[in-house]
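**Student:** You'll find start.cif just under this line, and it carries mmCIF, C-alpha atoms and all ligand atoms.
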data_upload
loop_
_atom_site.label_atom_id
_atom_site.label_comp_id
_atom_site.auth_asym_id
_atom_site.auth_seq_id
_atom_site.Cartn_x
_atom_site.Cartn_y
_atom_site.Cartn_z
CA MET A 297 22.16 -5.74 30.52
CA LYS A 298 23.42 -2.23 29.97
CA ASN A 299 21.41 -0.12 27.55
CA ASN A 300 22.68 1.12 24.28
CA ILE A 301 22.15 4.84 24.31
CA VAL A 302 22.03 7.24 21.40
CA LYS A 303 21.92 10.99 21.83
CA VAL A 304 20.41 13.67 19.68
CA LYS A 305 22.81 16.53 18.85
CA SER A 306 22.10 19.75 20.65
CA GLY A 307 20.55 22.16 18.19
CA ARG A 308 19.09 19.28 16.15
CA GLN A 309 16.34 18.52 18.55
CA GLY A 310 14.09 21.08 16.94
CA ASN A 311 14.09 18.82 13.91
CA LEU A 312 12.43 16.03 15.85
CA ARG A 313 8.81 16.01 14.93
CA PRO A 314 6.56 15.28 17.93
CA GLY A 315 4.98 11.87 17.58
CA HIS A 316 7.10 11.05 14.54
CA PRO A 317 9.15 7.88 14.98
CA TRP A 318 12.09 8.62 12.70
CA ILE A 319 15.44 10.00 13.79
CA PHE A 320 17.89 10.62 10.99
CA LYS A 321 21.56 9.75 11.25
CA SER A 322 22.49 13.43 10.84
CA GLN A 323 20.52 14.27 14.00
CA LEU A 324 22.51 11.91 16.23
CA LEU A 325 25.83 12.25 17.99
CA LYS A 326 28.29 9.48 17.24
CA PRO A 327 27.67 6.81 19.92
CA ASP A 328 30.44 6.40 22.56
CA LYS A 329 30.92 2.80 21.51
CA PRO A 330 29.79 1.10 18.30
CA ILE A 331 26.24 -0.20 18.46
CA LYS A 332 25.28 -3.24 16.44
CA GLY A 333 22.72 -2.67 13.69
CA GLY A 334 19.23 -3.68 14.77
CA SER A 335 19.91 -3.17 18.51
CA LEU A 336 17.35 -1.72 20.86
CA VAL A 337 18.47 1.72 22.01
CA SER A 338 17.24 4.41 24.33
CA VAL A 339 17.23 7.84 22.73
CA SER A 340 18.05 10.90 24.81
CA ALA A 341 18.06 14.59 24.16
CA SER A 342 21.34 16.48 24.55
CA ASN A 343 20.28 17.32 28.12
CA ASP A 344 19.91 13.56 28.82
CA LYS A 345 16.13 13.67 28.91
CA LEU A 346 14.76 10.36 27.61
CA LEU A 347 12.93 10.75 24.32
CA GLY A 348 11.97 7.12 23.82
CA TRP A 349 13.11 3.64 22.87
CA GLY A 350 13.68 2.40 19.38
CA TYR A 351 15.90 0.32 17.21
CA TYR A 352 19.11 1.46 15.62
CA ASN A 353 20.64 0.93 12.21
CA PRO A 354 23.88 2.84 11.54
CA ASN A 355 23.66 1.91 7.85
CA SER A 356 20.27 3.48 7.28
CA MET A 357 19.56 7.19 6.77
CA ILE A 358 16.82 6.70 9.33
CA ALA A 359 19.17 5.65 12.10
CA VAL A 360 16.49 5.13 14.75
CA ARG A 361 12.88 4.14 14.48
CA ILE A 362 11.13 4.79 17.76
CA LEU A 363 8.96 2.03 19.18
CA THR A 364 7.77 3.93 22.23
CA PHE A 365 7.97 7.52 23.44
CA LYS A 366 7.56 6.25 27.02
CA ASP A 367 10.14 4.80 29.36
CA GLU A 368 8.92 1.22 29.23
CA PRO A 369 10.40 -2.18 28.45
CA VAL A 370 10.28 -3.28 24.83
CA ASP A 371 9.68 -6.98 25.31
CA ALA A 372 7.22 -9.76 24.53
CA ALA A 373 4.51 -8.06 26.62
CA PHE A 374 5.06 -4.81 24.71
CA PHE A 375 4.54 -6.43 21.30
CA ASP A 376 1.60 -8.41 22.62
CA ARG A 377 -0.07 -5.18 23.73
CA LYS A 378 0.71 -3.29 20.51
CA ILE A 379 -0.77 -6.02 18.32
CA LYS A 380 -3.78 -6.36 20.61
CA GLU A 381 -4.36 -2.61 20.23
CA ALA A 382 -4.02 -2.78 16.44
CA VAL A 383 -6.61 -5.58 16.32
CA ALA A 384 -8.98 -3.68 18.62
CA LYS A 385 -8.81 -0.53 16.45
CA ARG A 386 -10.04 -2.56 13.50
CA ALA A 387 -12.85 -4.40 15.28
CA ASP A 388 -15.54 -2.72 13.15
CA LEU A 389 -13.86 -3.25 9.83
CA LEU A 390 -14.55 -6.94 9.27
CA GLN A 391 -18.16 -6.41 8.25
CA ASN A 392 -17.93 -6.70 4.48
CA THR A 393 -14.67 -8.57 4.23
CA ASN A 394 -12.55 -11.30 5.80
CA ALA A 395 -9.31 -9.69 4.63
CA LEU A 396 -7.77 -6.82 6.51
CA ARG A 397 -4.51 -5.10 7.26
CA ILE A 398 -3.97 -5.65 10.96
CA VAL A 399 -0.63 -3.86 11.42
CA PHE A 400 0.48 -0.97 9.23
CA SER A 401 4.04 -0.30 10.32
CA GLU A 402 4.63 3.25 11.68
CA ALA A 403 0.88 3.96 11.66
CA ASP A 404 0.42 1.30 14.33
CA GLY A 405 3.55 2.16 16.27
CA LEU A 406 5.39 -0.86 14.90
CA PRO A 407 7.81 0.51 12.28
CA GLY A 408 8.92 -2.14 9.81
CA LEU A 409 6.08 -4.58 10.45
CA ILE A 410 3.13 -5.34 8.18
CA VAL A 411 0.52 -7.93 9.12
CA ASP A 412 -2.39 -8.73 6.80
CA LEU A 413 -5.18 -11.21 7.36
CA TYR A 414 -6.62 -13.29 4.52
CA GLY A 415 -9.42 -15.42 5.96
CA ASP A 416 -7.77 -17.86 8.34
CA THR A 417 -4.22 -16.96 7.28
CA ALA A 418 -2.11 -14.12 8.63
CA VAL A 419 0.71 -12.94 6.38
CA PHE A 420 3.42 -10.76 7.83
CA GLN A 421 6.41 -8.86 6.50
CA MET A 422 9.44 -7.66 8.42
CA LEU A 423 10.99 -4.76 6.59
CA THR A 424 13.81 -3.66 8.88
CA LEU A 425 16.78 -5.15 10.67
CA GLY A 426 15.47 -3.81 13.98
CA MET A 427 12.11 -5.50 13.67
CA GLU A 428 13.75 -8.72 12.51
CA HIS A 429 15.32 -9.02 15.97
CA PHE A 430 11.89 -9.15 17.58
CA LYS A 431 10.53 -11.84 15.26
CA PRO A 432 9.89 -14.50 17.94
CA GLU A 433 7.98 -12.02 20.14
CA ILE A 434 5.98 -10.79 17.16
CA VAL A 435 5.09 -14.25 15.88
CA SER A 436 3.82 -15.14 19.39
CA ALA A 437 1.80 -11.93 19.55
CA ILE A 438 0.26 -12.64 16.12
CA LYS A 439 -0.60 -16.18 17.26
CA VAL A 440 -2.31 -15.03 20.42
CA ASN A 441 -4.13 -11.93 19.19
CA ILE A 442 -5.10 -12.38 15.57
CA GLY A 443 -6.87 -15.72 15.75
CA ALA A 444 -5.49 -16.92 12.41
CA ARG A 445 -5.10 -20.63 11.89
CA TYR A 446 -1.95 -20.23 9.79
CA ILE A 447 0.90 -17.73 9.84
CA TYR A 448 2.99 -17.09 6.75
CA GLU A 449 6.03 -14.84 6.58
CA LYS A 450 6.52 -13.03 3.28
CA SER A 451 9.52 -10.89 4.07
CA ASP A 452 10.58 -9.75 0.63
CA GLY A 453 10.74 -6.53 -1.31
CA PRO A 454 13.34 -3.83 -1.90
CA PHE A 455 13.36 -2.51 1.68
CA ARG A 456 14.94 -5.68 3.00
CA LYS A 457 17.84 -5.37 0.59
CA GLN A 458 18.50 -1.84 1.81
CA GLU A 459 18.63 -3.21 5.35
CA SER A 460 20.97 -6.04 4.27
CA LEU A 461 18.30 -8.62 5.00
CA LYS A 462 17.67 -11.74 2.96
CA VAL A 463 14.29 -12.73 1.59
CA VAL A 464 12.42 -15.00 4.00
CA LYS A 465 9.31 -16.80 2.84
CA SER A 466 8.09 -19.51 5.17
CA TRP A 467 5.30 -20.78 7.37
CA HIS A 468 5.46 -20.37 11.13
CA GLY A 469 3.70 -23.43 12.53
CA ASP A 470 1.27 -25.43 10.39
CA LYS A 471 1.48 -25.00 6.65
CA GLY A 472 -1.57 -23.30 5.18
CA ASN A 473 -2.54 -22.60 1.57
CA ARG A 474 -0.71 -20.61 -1.07
CA TYR A 475 -4.05 -19.52 -2.57
CA ASN A 476 -6.58 -18.04 -0.17
CA THR A 477 -10.10 -16.99 -1.07
CA ILE A 478 -11.27 -13.74 0.43
CA VAL A 479 -14.53 -11.84 0.26
CA GLU A 480 -14.85 -8.12 -0.36
CA GLY A 481 -18.48 -7.07 -0.27
CA PRO A 482 -20.20 -9.21 -2.91
CA ALA A 483 -16.91 -10.10 -4.62
CA LYS A 484 -14.59 -13.02 -3.99
CA PHE A 485 -10.89 -13.04 -4.83
CA VAL A 486 -8.18 -15.66 -4.83
CA VAL A 487 -5.02 -14.26 -3.25
CA ASP A 488 -1.58 -15.70 -4.00
CA ILE A 489 0.32 -15.09 -0.79
CA TYR A 490 3.57 -16.65 -2.11
CA GLU A 491 4.08 -14.60 -5.26
CA GLY A 492 1.47 -11.83 -5.22
CA HIS A 493 2.34 -8.16 -4.80
CA LYS A 494 2.64 -6.83 -1.25
CA THR A 495 1.36 -9.67 0.94
CA GLY A 496 -0.78 -10.84 -1.96
CA PHE A 497 -3.54 -8.31 -2.52
CA TYR A 498 -4.09 -4.54 -2.72
CA LEU A 499 -6.22 -4.33 0.41
CA ASP A 500 -5.72 -0.55 0.38
CA GLN A 501 -8.03 -0.11 -2.65
CA ARG A 502 -11.00 -1.87 -1.07
CA PRO A 503 -13.22 1.24 -0.56
CA SER A 504 -12.58 2.51 -4.07
CA ARG A 505 -13.34 -0.88 -5.61
CA LEU A 506 -16.63 -1.05 -3.68
CA ALA A 507 -17.47 2.52 -4.70
CA LEU A 508 -16.81 1.74 -8.35
CA GLN A 509 -19.21 -1.16 -8.24
CA ALA A 510 -22.10 1.15 -7.38
CA LEU A 511 -21.41 3.25 -10.51
CA SER A 512 -20.97 0.45 -13.03
CA LYS A 513 -24.48 -0.57 -14.04
CA GLY A 514 -24.87 -0.59 -17.81
CA LYS A 515 -21.37 0.80 -18.36
CA ARG A 516 -18.45 -0.15 -20.63
CA VAL A 517 -15.44 -0.25 -18.35
CA LEU A 518 -11.67 -0.26 -18.94
CA ASP A 519 -9.55 -1.36 -15.96
CA LEU A 520 -5.92 -0.41 -16.60
CA PHE A 521 -3.18 -1.92 -14.41
CA SER A 522 -5.75 -4.47 -13.36
CA TYR A 523 -3.52 -6.84 -11.34
CA THR A 524 -5.83 -9.79 -10.50
CA GLY A 525 -8.95 -7.99 -11.66
CA GLY A 526 -9.85 -6.09 -8.48
CA PHE A 527 -11.78 -3.23 -10.06
CA ALA A 528 -12.83 -5.30 -13.09
CA ILE A 529 -14.62 -7.93 -10.99
CA HIS A 530 -16.44 -5.29 -8.96
CA ALA A 531 -17.50 -3.45 -12.13
CA ALA A 532 -18.86 -6.68 -13.62
CA LEU A 533 -20.72 -7.53 -10.40
CA GLY A 534 -22.12 -4.00 -10.41
CA GLY A 535 -23.76 -4.62 -13.78
CA ALA A 536 -21.21 -3.35 -16.30
CA THR A 537 -22.09 -4.55 -19.80
CA HIS A 538 -18.46 -5.18 -20.68
CA VAL A 539 -15.15 -4.85 -18.88
CA THR A 540 -11.66 -4.84 -20.41
CA ALA A 541 -8.91 -5.59 -17.89
CA VAL A 542 -5.33 -4.81 -18.91
CA ASP A 543 -2.14 -5.85 -17.15
CA ILE A 544 1.42 -6.39 -18.29
CA LYS A 545 1.90 -9.63 -16.37
CA GLU A 546 0.36 -12.85 -17.53
CA ASP A 547 0.34 -14.42 -14.04
CA TRP A 548 -1.94 -11.71 -12.70
CA LEU A 549 -4.28 -11.96 -15.66
CA LYS A 550 -4.54 -15.73 -15.12
CA LEU A 551 -5.45 -15.13 -11.51
CA GLY A 552 -7.89 -12.46 -12.72
CA MET A 553 -9.57 -15.07 -14.92
CA ARG A 554 -9.78 -17.40 -11.96
CA ASN A 555 -11.42 -14.57 -10.04
CA ALA A 556 -13.86 -13.97 -12.88
CA GLU A 557 -14.86 -17.65 -12.75
CA LEU A 558 -15.25 -17.51 -8.99
CA ASN A 559 -17.64 -14.57 -9.36
CA ASN A 560 -19.51 -15.96 -12.40
CA VAL A 561 -18.61 -13.01 -14.58
CA THR A 562 -16.36 -14.64 -17.20
CA ASP A 563 -18.73 -13.57 -19.98
CA LYS A 564 -18.39 -9.92 -18.94
CA ILE A 565 -14.62 -9.51 -18.63
CA GLU A 566 -11.96 -9.64 -21.30
CA PHE A 567 -8.39 -9.91 -19.95
CA ILE A 568 -5.65 -8.42 -22.10
CA GLU A 569 -1.92 -8.75 -21.63
CA ALA A 570 -0.46 -5.40 -22.68
CA ASP A 571 1.39 -2.30 -21.63
CA SER A 572 -1.35 0.05 -20.46
CA PHE A 573 0.37 3.09 -22.00
CA GLU A 574 0.50 1.43 -25.43
CA TYR A 575 -2.94 -0.07 -25.12
CA LEU A 576 -4.48 3.27 -24.24
CA LYS A 577 -2.71 5.02 -27.12
CA ASN A 578 -4.05 2.44 -29.58
CA ILE A 579 -7.56 2.69 -28.17
CA CYS A 580 -7.41 6.43 -28.48
CA ALA A 581 -6.25 6.22 -32.09
CA SER A 582 -8.97 3.71 -32.96
CA GLY A 583 -11.71 5.94 -31.57
CA GLU A 584 -13.04 3.27 -29.18
CA LYS A 585 -14.69 4.81 -26.11
CA PHE A 586 -15.52 3.71 -22.57
CA ASP A 587 -17.94 4.96 -19.91
CA ILE A 588 -15.53 4.31 -17.04
CA ILE A 589 -11.73 4.07 -17.09
CA ILE A 590 -9.70 3.04 -14.05
CA VAL A 591 -6.06 4.15 -13.95
CA ASP A 592 -4.30 2.49 -11.02
CA PRO A 593 -0.61 2.33 -11.96
CA PRO A 594 2.24 1.12 -9.76
CA SER A 595 4.28 3.82 -8.11
CA PHE A 596 6.30 5.61 -10.80
CA LEU A 597 8.06 7.43 -8.07
CA LYS A 598 10.62 5.58 -6.05
CA ALA A 599 12.61 8.66 -5.06
CA ARG A 600 11.78 12.29 -4.63
CA HIS A 601 14.07 13.38 -7.47
CA SER A 602 12.04 11.53 -10.07
CA ILE A 603 8.93 13.63 -9.46
CA ALA A 604 9.23 15.28 -12.89
CA ALA A 605 9.39 11.94 -14.69
CA ALA A 606 6.54 10.58 -12.62
CA SER A 607 4.42 13.66 -13.29
CA LYS A 608 4.94 13.13 -17.00
CA GLY A 609 3.80 9.50 -16.70
CA TYR A 610 0.66 10.39 -14.74
CA LYS A 611 -0.15 13.23 -17.10
CA GLU A 612 0.20 11.16 -20.25
CA LEU A 613 -1.88 8.31 -18.88
CA ASN A 614 -4.69 10.46 -17.55
CA HIS A 615 -4.76 12.75 -20.56
CA THR A 616 -5.11 9.80 -22.93
CA ALA A 617 -7.67 8.11 -20.68
CA MET A 618 -9.83 11.25 -20.62
CA LYS A 619 -9.82 11.31 -24.41
CA CYS A 620 -11.07 7.72 -24.53
CA LEU A 621 -14.07 8.44 -22.32
CA ASN A 622 -17.58 8.91 -23.60
CA GLU A 623 -19.13 12.29 -22.80
CA ASN A 624 -19.74 12.49 -19.03
CA GLY A 625 -17.74 9.31 -18.52
CA ILE A 626 -15.97 8.54 -15.26
CA LEU A 627 -12.23 8.52 -14.71
CA ALA A 628 -11.14 6.70 -11.53
CA THR A 629 -7.51 7.62 -11.16
CA PHE A 630 -4.93 6.93 -8.47
CA SER A 631 -1.39 7.55 -7.33
CA CYS A 632 0.07 5.24 -4.70
CA SER A 633 3.30 7.10 -4.13
CA HIS A 634 3.84 8.98 -0.90
CA ASN A 635 6.29 11.26 -2.70
CA MET A 636 3.56 12.46 -5.03
CA PRO A 637 1.66 14.95 -2.86
CA ASN A 638 -2.05 15.27 -3.45
CA GLU A 639 -1.76 18.90 -4.59
CA VAL A 640 0.79 17.95 -7.23
CA PHE A 641 -1.30 15.00 -8.40
CA SER A 642 -4.42 17.12 -8.51
CA ASN A 643 -2.64 19.80 -10.57
CA ILE A 644 -1.36 17.20 -13.02
CA LEU A 645 -4.92 16.01 -13.52
CA ARG A 646 -6.21 19.55 -13.99
CA LYS A 647 -3.57 20.24 -16.65
CA ALA A 648 -4.19 16.91 -18.37
CA ALA A 649 -7.91 17.73 -18.48
CA SER A 650 -7.39 21.22 -19.91
CA GLU A 651 -5.19 19.81 -22.65
CA ALA A 652 -7.77 17.13 -23.40
CA GLY A 653 -10.50 19.80 -23.54
CA LYS A 654 -12.30 18.30 -20.55
CA SER A 655 -13.85 19.72 -17.45
CA LEU A 656 -13.59 17.45 -14.41
CA THR A 657 -16.16 17.25 -11.66
CA ILE A 658 -15.06 15.47 -8.50
CA LEU A 659 -17.47 12.66 -7.69
CA LYS A 660 -15.32 11.20 -4.96
CA ARG A 661 -11.95 11.73 -3.35
CA CYS A 662 -10.27 8.44 -2.55
CA HIS A 663 -7.58 7.38 -0.16
CA GLN A 664 -6.22 4.19 1.27
CA ALA A 665 -8.61 1.97 3.23
CA GLN A 666 -9.15 2.66 6.92
CA ASP A 667 -7.15 -0.40 7.98
CA HIS A 668 -4.11 1.44 6.57
CA PRO A 669 -4.45 4.39 8.97
CA ILE A 670 -3.17 7.83 8.04
CA VAL A 671 -1.52 9.38 11.09
CA ARG A 672 -1.42 13.17 10.85
CA GLN A 673 1.90 13.38 12.74
CA ILE A 674 3.46 10.93 10.28
CA PRO A 675 2.86 12.26 6.76
CA GLU A 676 4.61 9.24 5.23
CA THR A 677 1.68 7.06 6.33
CA GLU A 678 -0.49 8.74 3.67
CA TYR A 679 0.39 7.35 0.26
CA LEU A 680 -2.65 6.38 -1.76
CA LYS A 681 -4.74 9.15 -3.25
CA GLY A 682 -7.23 9.23 -6.04
CA TYR A 683 -10.36 10.70 -7.55
CA PHE A 684 -13.49 9.63 -9.30
CA PHE A 685 -14.08 12.39 -11.85
CA ARG A 686 -16.89 12.98 -14.27
CA ALA A 687 -15.30 14.29 -17.46
CA SER A 688 -17.30 16.53 -19.77
CA SER A 689 -16.19 18.34 -22.91
CA ILE A 690 -15.42 22.01 -22.46
CA LYS A 691 -16.18 22.88 -26.07
CA GLU A 692 -19.30 21.84 -27.90
CA THR A 693 -18.50 18.80 -30.02
N1 LIG B 701 -5.99 -2.09 -9.29
C1 LIG B 701 -5.35 -3.27 -8.78
C2 LIG B 701 -3.93 -3.00 -8.31
C3 LIG B 701 -2.99 -2.48 -9.39
S1 LIG B 701 -1.31 -2.75 -9.01
C4 LIG B 701 -6.21 -3.86 -7.67
O1 LIG B 701 -7.17 -3.21 -7.21
O2 LIG B 701 -5.94 -4.97 -7.24
C5 LIG B 701 -0.50 -2.29 -10.45
C6 LIG B 701 -0.48 -3.35 -11.58
O3 LIG B 701 0.11 -2.71 -12.71
C7 LIG B 701 0.33 -4.60 -11.34
O4 LIG B 701 -0.48 -5.73 -11.51
C8 LIG B 701 1.42 -4.60 -12.45
O5 LIG B 701 1.64 -5.89 -13.03
C9 LIG B 701 0.77 -3.71 -13.48
N2 LIG B 701 1.68 -2.99 -14.40
C10 LIG B 701 2.86 -2.41 -14.15
N3 LIG B 701 3.32 -1.75 -15.25
C11 LIG B 701 2.39 -1.93 -16.21
C12 LIG B 701 2.26 -1.47 -17.55
N4 LIG B 701 3.18 -0.70 -18.12
N5 LIG B 701 1.15 -1.82 -18.24
C13 LIG B 701 0.20 -2.62 -17.68
N6 LIG B 701 0.27 -3.07 -16.41
C14 LIG B 701 1.34 -2.73 -15.68
#
Rewrite the structure of this file - the entire thing - as structure tokens.

**Tutor:**
Amino acid sequence: MKNNIVKVKSGRQGNLRPGHPWIFKSQLLKPDKPIKGGSLVSVSASNDKLLGWGYYNPNSMIAVRILTFKDEPVDAAFFDRKIKEAVAKRADLLQNTNALRIVFSEADGLPGLIVDLYGDTAVFQMLTLGMEHFKPEIVSAIKVNIGARYIYEKSDGPFRKQESLKVVKSWHGDKGNRYNTIVEGPAKFVVDIYEGHKTGFYLDQRPSRLALQALSKGKRVLDLFSYTGGFAIHAALGGATHVTAVDIKEDWLKLGMRNAELNNVTDKIEFIEADSFEYLKNICASGEKFDIIIVDPPSFLKARHSIAAASKGYKELNHTAMKCLNENGILATFSCSHNMPNEVFSNILRKAASEAGKSLTILKRCHQAQDHPIVRQIPETEYLKGYFFRASSIKET
């Protein structure tokens, strides 16, 4: 079969970032003949030097996502090797958990593919048209290399729509369970792989949840944007006297309660269905105080242009949370948006603190768990950032 070839415009090659797998539409010459979306292409420089192999989508701003910078076949053996490598890199990470991200898209050289493991069940997501074409090869590679008993595909989310792909939710091979119990250190969680966020659980917050546990003894804790109780359960297991978990969605609170039962901490955690912004405002007005507040909102920032609006949201939340903390209380605060750079986030927090009359001491800088690798050459792989701060009053009270 003859290759599809795309060529980078002369003069635009300087915009290619070494080791970065994205080539924008504006960087490419119009192909000699139309190339079908999702096709495998070889990418050459204007002097015909091969730059790599990737998949093409003329309807995406990112027209090519490179799969390999080498001249090698992209076939079943290729995907088998890539997934084997991803598993090997994570060999040490299954010590305190049986749930792990095995493939993190661009960070593992497999743009558009997510594979998470929940006990004996692997859940994968195909996010791009290009990856969709390699589904049979990828499912075989997951089967052979991950050692999961069941494989579930949860290809949903807004990215698929952008790539004109339909939602696919189905088992490949034997049907496993919708609800899977995982362990995370001393905690256990039920994960809903059919309807849960992402592939079912926020695996990326694992290290921060474990770190919070160690700080919770004897504390009154407020877990805002709790989802299924991730931080709340860890706080309760760590010896918190009382935990309030707030989420806007009843389904997640119900699963949170199930998790509380599973961990024998139902007497410690109160689950509240509310808007965290409103709830926090009311708490603040009532004068109720907490020793630890967790602020882990969803991404307010879907596009770069909304950075001002997002900053306002983060500032308001964190400012109010700081005011509801007891003296020397701990604020665990996060932003999961790649478009919110750490410096900007950190500045928002500094301003919020000044306005709240608080001085913040950094107890811990947080980022996404190690199984969601941050590749220096690919800044977009870094998205989750956060801090544990101790907040003290600047003025004498
Ligand atoms: N900390 C969690 C993950 C939080 S995900 C963990 O470790 O598992 C963000 C959560 O915020 C989702 O469960 C979503 O339902 C909830 N959410 C979104 N908007 C909200 C709002 N305005 N008020 C309260 N919860 C909200």

**Student:** Produce as a list in words the set of residues near ligand LIG 701 (chain B), where near means within 6 Å with all atoms listed in the file considered.

**Tutor:**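 Those residues are Tyr498, Gln501, Phe521, Ser522, Tyr523, Thr524, Gly526, Phe527, Asp543, Ile544, Lys545, Ala570, Asp571, Ser572, Asp592, Pro593 and Pro594 of chain A.
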
**Student:** Quick one: everything within 12 Å of A:Arg313, counting all atoms listed in the file, minus sequence neighbours fewer than 3 positions away in the same chain. Send it as a PyMOL selection string.

**Tutor:** chain A and resi 308-310+316-320+323+347+362+672-675

**Student:** In Å, with one decimal, what is the gap from atom CA of A:Ile447 to atom CA of A:Gly334?

**Tutor:**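 Separation of atom CA of A:Ile447 and atom CA of A:Gly334: 23.6 Å.
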
**Student:** Just checking: using only C-alpha atoms, which residue out of A:Val517, A:Val304, A:Ala437, A:Ile568 ends up closest to A:Lys326?

**Tutor:**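 Smallest separation from A:Lys326 among the options: A:Val304.
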
**Student:** What separation in Å, quoted to one decimal, exists between atom CA of A:Thr537 and atom CA of A:Asn392?

**Tutor:**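 According to the coordinates, atom CA of A:Thr537 and atom CA of A:Asn392 are separated by 24.7 Å.
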
**Student:** Expressed in Å to a single decimal, how great is the separation between atom CA of A:Lys385 and atom CA of A:Lys660?

**Tutor:**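 Atom CA of A:Lys385 sits 25.3 Å away from atom CA of A:Lys660.
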
**Student:** Using all atoms listed in the file, find the one residue out of A:Lys484, A:Lys345, A:Lys332, A:Lys494 that sits nearest to A:Asn394.

**Tutor:**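 Among A:Lys484, A:Lys345, A:Lys332, A:Lys494, it is A:Lys484 that comes nearest to A:Asn394.
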
**Student:** Which residue is closest to A:Ala373? Choose from A:Asn643, A:Ile434, A:Lys305, A:Ile690 and count only C-alpha atoms.

**Tutor:**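 Comparing A:Asn643, A:Ile434, A:Lys305, A:Ile690 against A:Ala373, the winner is A:Ile434.
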
**Student:** Counting only C-alpha atoms, which residues come within 10 Å of (-7.0, 3.4, 10.2), with the point read in the file's coordinates, and could you list them as a list in words?

**Tutor:**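 I get Ala382, Lys385, Arg386, Leu389, Arg397, Ile398, Val399, Phe400, Ala403, Asp404, Gln664, Ala665, Gln666, Asp667, His668, Pro669, Ile670 and Val671 of chain A for the residues within 10 Å of that point.
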
**Student:** I want to know what sits within 7 Å of A:Asn624, based on all atoms listed in the file, with residues of the same chain fewer than 3 positions away left out; could you give that as a PyMOL selection string?

**Tutor:** chain A and resi 686-688

**Student:** Could you give me, as a list in words, the residues that sit within 10 Å of (23.4, 16.8, 28.0) in the file's coordinates, counting all atoms listed in the file?

**Tutor:**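 The residues near that point, listed by chain and number, are Lys303, Val304, Lys305, Ser306, Ser340, Ala341, Ser342, Asn343, Asp344 and Lys345 of chain A.
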
**Student:** Go ahead and save the residues from that selection, with C-alpha atoms, as a PDB file, keeping the file's coordinate frame.

**Tutor:**
ATOM      1  CA  LYS A 303      21.920  10.990  21.830  1.00  0.00           C
ATOM      2  CA  VAL A 304      20.410  13.670  19.680  1.00  0.00           C
ATOM      3  CA  LYS A 305      22.810  16.530  18.850  1.00  0.00           C
ATOM      4  CA  SER A 306      22.100  19.750  20.650  1.00  0.00           C
ATOM      5  CA  SER A 340      18.050  10.900  24.810  1.00  0.00           C
ATOM      6  CA  ALA A 341      18.060  14.590  24.160  1.00  0.00           C
ATOM      7  CA  SER A 342      21.340  16.480  24.550  1.00  0.00           C
ATOM      8  CA  ASN A 343      20.280  17.320  28.120  1.00  0.00           C
ATOM      9  CA  ASP A 344      19.910  13.560  28.820  1.00  0.00           C
ATOM     10  CA  LYS A 345      16.130  13.670  28.910  1.00  0.00           C
TER      11      LYS A 345
END

**Student:** In terms of the shortest atom-to-atom distance over all atoms listed in the file, which of A:Lys608, A:Lys619, A:His634, A:Lys457 is closest to A:Ile579?

**Tutor:**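 The answer is A:Lys619, which sits nearest to A:Ile579.
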
**Student:** Would you kindly return, as a PyMOL selection string, each protein, DNA or RNA residue with an atom no farther than 9 Å from any atom of A:Asn622, considering all atoms listed in the file and excluding same-chain residues fewer than 3 positions away?

**Tutor:** chain A and resi 585-588+618-619+625-626+687-688

**Student:** Restricting the calculation to all atoms listed in the file, which member of A:Pro407, A:Asp367, A:Leu396, A:Ala372 is positioned closest to A:Tyr352?

**Tutor:**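 Among the listed residues, A:Pro407 lies closest to A:Tyr352.
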
**Student:** Pick the closest to A:Gly453 from A:His468, A:Lys513, A:Lys366, A:His493: which is it, counting only C-alpha atoms?

**Tutor:**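 For A:Gly453, the nearest of the candidates is A:His493.
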
**Student:** So for stretch 324-339 of chain A, what box centre and size do we get, axis-aligned, 8 Å extra on each of the six sides, every listed atom, Å to one decimal, as AutoDock Vina command-line options?

**Tutor:**
--center_x 24.1 --center_y 4.3 --center_z 19.0 --size_x 29.7 --size_y 31.9 --size_z 26.6

**Student:** With only C-alpha atoms as the counted atoms, please give the residues lying no more than 9 Å from A:His530, apart from itself and same-chain residues fewer than 4 positions off, as an MDAnalysis selection string.

**Tutor:** chainID A and resid 482:483 505:510 512 525:526 534:536

**Student:** A:Phe420: which residues within 6 Å, counting only C-alpha atoms, same-chain residues fewer than 6 positions away excluded, as a VMD selection string?

**Tutor:** chain A and resid 410 to 411 449 to 450
